[in-house]
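Next up, query-v3.tsv (TSV, C-alpha atoms):
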chain	number	residue	atom	x	y	z
E	1	MET	CA	34.25	1.05	6.35
E	2	PRO	CA	32.94	-1.00	9.30
E	3	TYR	CA	29.37	-2.21	9.29
E	4	SER	CA	26.96	-4.10	11.50
E	5	MET	CA	24.33	-6.70	10.69
E	6	ARG	CA	21.14	-7.20	12.66
E	7	GLU	CA	17.64	-8.57	12.34
E	8	LEU	CA	14.73	-6.20	11.84
E	9	THR	CA	12.29	-5.57	14.63
E	10	ASP	CA	8.72	-6.68	13.96
E	11	VAL	CA	7.70	-3.05	13.37
E	12	GLU	CA	10.61	-2.51	10.94
E	13	LYS	CA	9.69	-5.70	9.07
E	14	GLU	CA	6.04	-4.69	8.73
E	15	THR	CA	7.00	-1.18	7.57
E	16	PHE	CA	9.56	-2.52	5.09
E	17	LEU	CA	7.13	-5.00	3.52
E	18	THR	CA	4.34	-2.40	3.39
E	19	GLU	CA	6.51	0.30	1.77
E	20	ASN	CA	7.99	-1.99	-0.90
E	21	HIS	CA	6.09	-3.63	-3.72
E	22	TRP	CA	8.63	-5.75	-5.62
E	23	GLY	CA	10.41	-8.95	-4.72
E	24	THR	CA	11.83	-12.12	-6.23
E	25	LEU	CA	9.78	-15.31	-6.05
E	26	SER	CA	11.85	-18.51	-6.29
E	27	PHE	CA	10.58	-22.00	-6.98
E	28	THR	CA	12.29	-25.36	-6.60
E	29	GLY	CA	11.91	-28.35	-8.84
E	30	ASP	CA	13.93	-30.13	-11.51
E	31	GLU	CA	15.32	-26.69	-12.29
E	32	VAL	CA	15.40	-23.63	-10.05
E	33	TYR	CA	13.22	-20.77	-11.28
E	34	ALA	CA	13.08	-17.21	-9.92
E	35	ILE	CA	11.01	-14.28	-11.14
E	36	PRO	CA	10.86	-10.64	-10.07
E	37	MET	CA	7.28	-9.63	-9.38
E	38	GLY	CA	5.05	-7.14	-7.68
E	39	TYR	CA	3.22	-7.99	-4.49
E	40	GLN	CA	0.74	-6.49	-2.09
E	41	TYR	CA	1.20	-6.71	1.68
E	42	GLU	CA	-2.10	-6.84	3.57
E	43	LYS	CA	-2.81	-7.87	7.15
E	44	GLY	CA	0.65	-9.38	7.61
E	45	THR	CA	0.49	-11.45	4.42
E	46	VAL	CA	2.27	-11.29	1.05
E	47	LEU	CA	-0.34	-11.48	-1.73
E	48	LEU	CA	0.54	-12.39	-5.32
E	49	GLY	CA	-1.38	-12.59	-8.59
E	50	PHE	CA	-0.41	-14.76	-11.58
E	51	GLN	CA	-1.72	-15.17	-15.08
E	52	PRO	CA	-3.27	-18.67	-15.13
E	53	ARG	CA	-0.74	-20.02	-17.63
E	54	GLY	CA	3.00	-20.09	-18.17
E	55	ARG	CA	6.09	-21.51	-16.56
E	56	LYS	CA	5.36	-20.23	-13.05
E	57	MET	CA	1.99	-21.99	-13.08
E	58	ASP	CA	3.75	-25.21	-14.11
E	59	TYR	CA	5.94	-24.85	-11.02
E	60	ILE	CA	2.98	-23.99	-8.76
E	61	ASN	CA	1.09	-27.06	-9.97
E	62	LYS	CA	4.09	-29.30	-9.16
E	63	ASN	CA	5.23	-27.82	-5.85
E	64	ARG	CA	3.92	-24.82	-3.93
E	65	ASN	CA	6.99	-24.41	-1.72
E	66	VAL	CA	8.58	-21.04	-2.48
E	67	CYS	CA	11.04	-18.47	-1.24
E	68	PHE	CA	10.22	-14.77	-1.61
E	69	ASN	CA	12.92	-12.13	-1.16
E	70	VAL	CA	12.38	-8.39	-0.83
E	71	CYS	CA	15.68	-6.53	-0.76
E	72	ARG	CA	16.46	-2.83	-0.96
E	73	PRO	CA	19.84	-1.11	-0.90
E	74	ALA	CA	20.04	1.92	1.37
E	75	LYS	CA	21.76	3.92	-1.36
E	76	GLN	CA	22.15	3.61	-5.12
E	77	THR	CA	25.71	4.20	-6.31
E	78	THR	CA	27.97	3.22	-9.17
E	79	ASP	CA	31.08	3.16	-6.95
E	80	SER	CA	32.01	-0.53	-6.79
E	81	LYS	CA	34.49	0.13	-3.96
E	82	GLU	CA	31.71	1.23	-1.62
E	83	ALA	CA	29.92	-1.40	0.47
E	84	TYR	CA	26.16	-1.17	0.09
E	85	PRO	CA	24.08	-1.21	3.24
E	86	TYR	CA	20.74	-2.92	2.64
E	87	THR	CA	17.59	-4.30	4.20
E	88	SER	CA	16.05	-7.63	3.25
E	89	VAL	CA	13.21	-9.94	4.24
E	90	ILE	CA	13.20	-13.55	3.08
E	91	ILE	CA	10.00	-15.54	3.45
E	92	GLU	CA	10.06	-19.30	2.98
E	93	GLY	CA	6.67	-20.89	2.78
E	94	GLU	CA	3.88	-22.39	0.75
E	95	LEU	CA	1.63	-20.72	-1.79
E	96	GLU	CA	-2.07	-21.10	-1.12
E	97	GLU	CA	-5.01	-19.68	-3.02
E	98	TYR	CA	-7.03	-16.87	-1.46
E	99	ASP	CA	-10.14	-14.82	-2.05
E	100	ARG	CA	-9.63	-11.04	-2.37
E	101	SER	CA	-12.57	-10.35	-0.08
E	102	GLN	CA	-10.65	-11.96	2.83
E	103	TYR	CA	-8.39	-8.90	2.74
E	104	GLY	CA	-11.03	-6.28	2.04
E	105	LEU	CA	-9.88	-5.94	-1.58
E	106	GLU	CA	-12.21	-5.07	-4.43
E	107	PRO	CA	-13.16	-7.89	-6.81
E	108	LEU	CA	-11.13	-8.16	-9.99
E	109	PRO	CA	-12.65	-6.42	-13.03
E	110	GLU	CA	-14.86	-8.66	-15.13
E	111	GLY	CA	-12.85	-10.69	-17.63
E	112	VAL	CA	-9.56	-10.43	-15.68
E	113	LYS	CA	-8.22	-13.86	-14.88
E	114	LEU	CA	-5.55	-14.15	-12.22
E	115	GLY	CA	-4.44	-16.97	-9.98
E	116	LEU	CA	-4.51	-15.32	-6.55
E	117	TYR	CA	-2.08	-16.66	-3.96
E	118	ARG	CA	-0.68	-15.75	-0.59
E	119	ILE	CA	2.45	-17.05	1.04
E	120	LYS	CA	1.81	-19.11	4.15
E	121	PRO	CA	5.15	-18.56	5.94
E	122	LYS	CA	7.16	-21.42	7.41
E	123	ARG	CA	10.20	-19.27	8.15
E	124	VAL	CA	10.91	-15.54	7.90
E	125	GLY	CA	14.41	-14.12	8.03
E	126	THR	CA	15.31	-10.45	8.14
E	127	GLN	CA	18.57	-8.60	7.85
E	128	LYS	CA	19.72	-5.02	7.96
E	129	MET	CA	23.29	-3.99	7.24
E	130	ASP	CA	24.26	-0.55	8.53
E	131	PHE	CA	27.49	1.38	8.44
E	132	THR	CA	28.89	1.97	11.91
E	133	PRO	CA	30.82	5.17	12.51

Would you mind writing the file's structure down as structure tokens?
Amino acid sequence: MPYSMRELTDVEKETFLTENHWGTLSFTGDEVYAIPMGYQYEKGTVLLGFQPRGRKMDYINKNRNVCFNVCRPAKQTTDSKEAYPYTSVIIEGELEEYDRSQYGLEPLPEGVKLGLYRIKPKRVGTQKMDFTP
């Protein structure tokens, strides 16, 4: 089945990132490390929250350069012979701390400790694969 690949329009990218809430955050270092995680998309920015301990914090403390990928297949199927159309946005950038009030978000409940970060993009790639009739 023939297909076409194209970049998303700015409106499609914004809609895609707003409607989805899970992606994969990848770190570089002595060893590559990638974790699936939830995110919030506010005012054109990917916002992330981390527990202030653990392996990901070790990576953040060494190097804040990351790659974040949000990808969604157009259709879920178990037929391995069928090509899967999909949409994806890949953001390469640097994690920087932020204050929730900058985005009009409520303060965290008392006692909740999270490292709050946003991705300052250096490069954003988008891709949409569609079937062509």

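Of the listed residues E:Tyr98, E:Ile90, E:Lys120, E:Lys43, the one whose atoms come nearest to Leu8 of chain E is E:Ile90, with distances taken using all atoms listed in the file.
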
Check the smallest atom-to-atom distance from each of E:Ser4, E:Gln102, E:Gln51, E:Thr87 to Asn20 of chain E using only C-alpha atoms, then report the winner.
E:Thr87

For Glu92 of chain E, which of E:Asn61, E:Thr28, E:Thr18, E:Gln40 is the closest residue, counting all atoms listed in the file?
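Closest to Glu92 of chain E of all the choices is E:Thr28.
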
Nearby residues (all atoms listed in the file) at most 7 Å from Ile119 of chain E, same-chain spacing under 6 positions excluded, as a PyMOL selection string:
chain E and resi 45-47+93-96

Compare E:Val66, E:Pro52, E:Thr9, E:Phe16 by their minimum atom-to-atom distance to Ile35 of chain E, counting all atoms listed in the file, and give me the closest one.
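Of the candidates, the smallest distance to Ile35 of chain E is held by E:Val66.
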
Atom CA of Asp30 of chain E to atom CA of Val70 of chain E, distance in Å rounded to a single decimal:
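These atoms are spaced 24.3 Å apart.
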
When distances are computed from all atoms listed in the file, which of E:Leu17, E:Leu105, E:Ile91, E:Met37 shows the smallest separation from Asn65 of chain E?
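Among the listed residues, E:Ile91 lies closest to Asn65 of chain E.
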
Need to verify the contact set: Tyr33 of chain E, 12 Å, only C-alpha atoms, exclusion of same-chain residues closer than 2 positions in sequence. Can you return it as an mmCIF file with C-alpha atoms, in the coordinates of the input?
data_model
loop_
_atom_site.group_PDB
_atom_site.id
_atom_site.type_symbol
_atom_site.label_atom_id
_atom_site.label_comp_id
_atom_site.auth_asym_id
_atom_site.auth_seq_id
_atom_site.Cartn_x
_atom_site.Cartn_y
_atom_site.Cartn_z
ATOM 1 C CA THR E 24 11.830 -12.120 -6.230
ATOM 2 C CA LEU E 25 9.780 -15.310 -6.050
ATOM 3 C CA SER E 26 11.850 -18.510 -6.290
ATOM 4 C CA PHE E 27 10.580 -22.000 -6.980
ATOM 5 C CA THR E 28 12.290 -25.360 -6.600
ATOM 6 C CA GLY E 29 11.910 -28.350 -8.840
ATOM 7 C CA ASP E 30 13.930 -30.130 -11.510
ATOM 8 C CA GLU E 31 15.320 -26.690 -12.290
ATOM 9 C CA ILE E 35 11.010 -14.280 -11.140
ATOM 10 C CA PRO E 36 10.860 -10.640 -10.070
ATOM 11 C CA ARG E 55 6.090 -21.510 -16.560
ATOM 12 C CA LYS E 56 5.360 -20.230 -13.050
ATOM 13 C CA MET E 57 1.990 -21.990 -13.080
ATOM 14 C CA ASP E 58 3.750 -25.210 -14.110
ATOM 15 C CA TYR E 59 5.940 -24.850 -11.020
ATOM 16 C CA ILE E 60 2.980 -23.990 -8.760
ATOM 17 C CA ASN E 63 5.230 -27.820 -5.850
ATOM 18 C CA ASN E 65 6.990 -24.410 -1.720
ATOM 19 C CA VAL E 66 8.580 -21.040 -2.480
ATOM 20 C CA CYS E 67 11.040 -18.470 -1.240
ATOM 21 C CA PHE E 68 10.220 -14.770 -1.610
#

Excluding Glu19 of chain E and its own-chain neighbours fewer than 2 positions away, which residues fall within 12 Å of it when counting all atoms listed in the file? Please give them as a compact mmCIF listing (two decimals) with C-alpha atoms, keeping the file's coordinate frame.
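That gives us part-v6.txt:
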# COMPACT_ATOMS: atom_id res chain seq x y z
CA GLU E 12 10.61 -2.51 10.94
CA LYS E 13 9.69 -5.70 9.07
CA GLU E 14 6.04 -4.69 8.73
CA THR E 15 7.00 -1.18 7.57
CA PHE E 16 9.56 -2.52 5.09
CA LEU E 17 7.13 -5.00 3.52
CA HIS E 21 6.09 -3.63 -3.72
CA TRP E 22 8.63 -5.75 -5.62
CA GLY E 23 10.41 -8.95 -4.72
CA TYR E 39 3.22 -7.99 -4.49
CA GLN E 40 0.74 -6.49 -2.09
CA TYR E 41 1.20 -6.71 1.68
CA GLU E 42 -2.10 -6.84 3.57
CA VAL E 70 12.38 -8.39 -0.83
CA CYS E 71 15.68 -6.53 -0.76
CA ARG E 72 16.46 -2.83 -0.96

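In this model, the gap between atom CA of Asp10 of chain E and atom CA of Lys75 of chain E comes to 22.7 Å.
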
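Distances here use only C-alpha atoms; by that measure, the residue among E:Gly104, E:Pro85, E:Pro109, E:Gly115 closest to Gln127 of chain E is E:Pro85.
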
Box along x, y and z, 6 Å on every side, all listed atoms of segment 86-96 of chain E inside: centre and edge lengths in Å to one decimal, as lines of an AutoDock Vina configuration file.
center_x = 9.3
center_y = -12.7
center_z = 1.2
size_x = 34.8
size_y = 31.5
size_z = 18.0

What does the distance between atom CA of Pro73 of chain E and atom CA of Val11 of chain E come to in Å, to one decimal place?
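Separation between atom CA of Pro73 of chain E and atom CA of Val11 of chain E: 18.8 Å.
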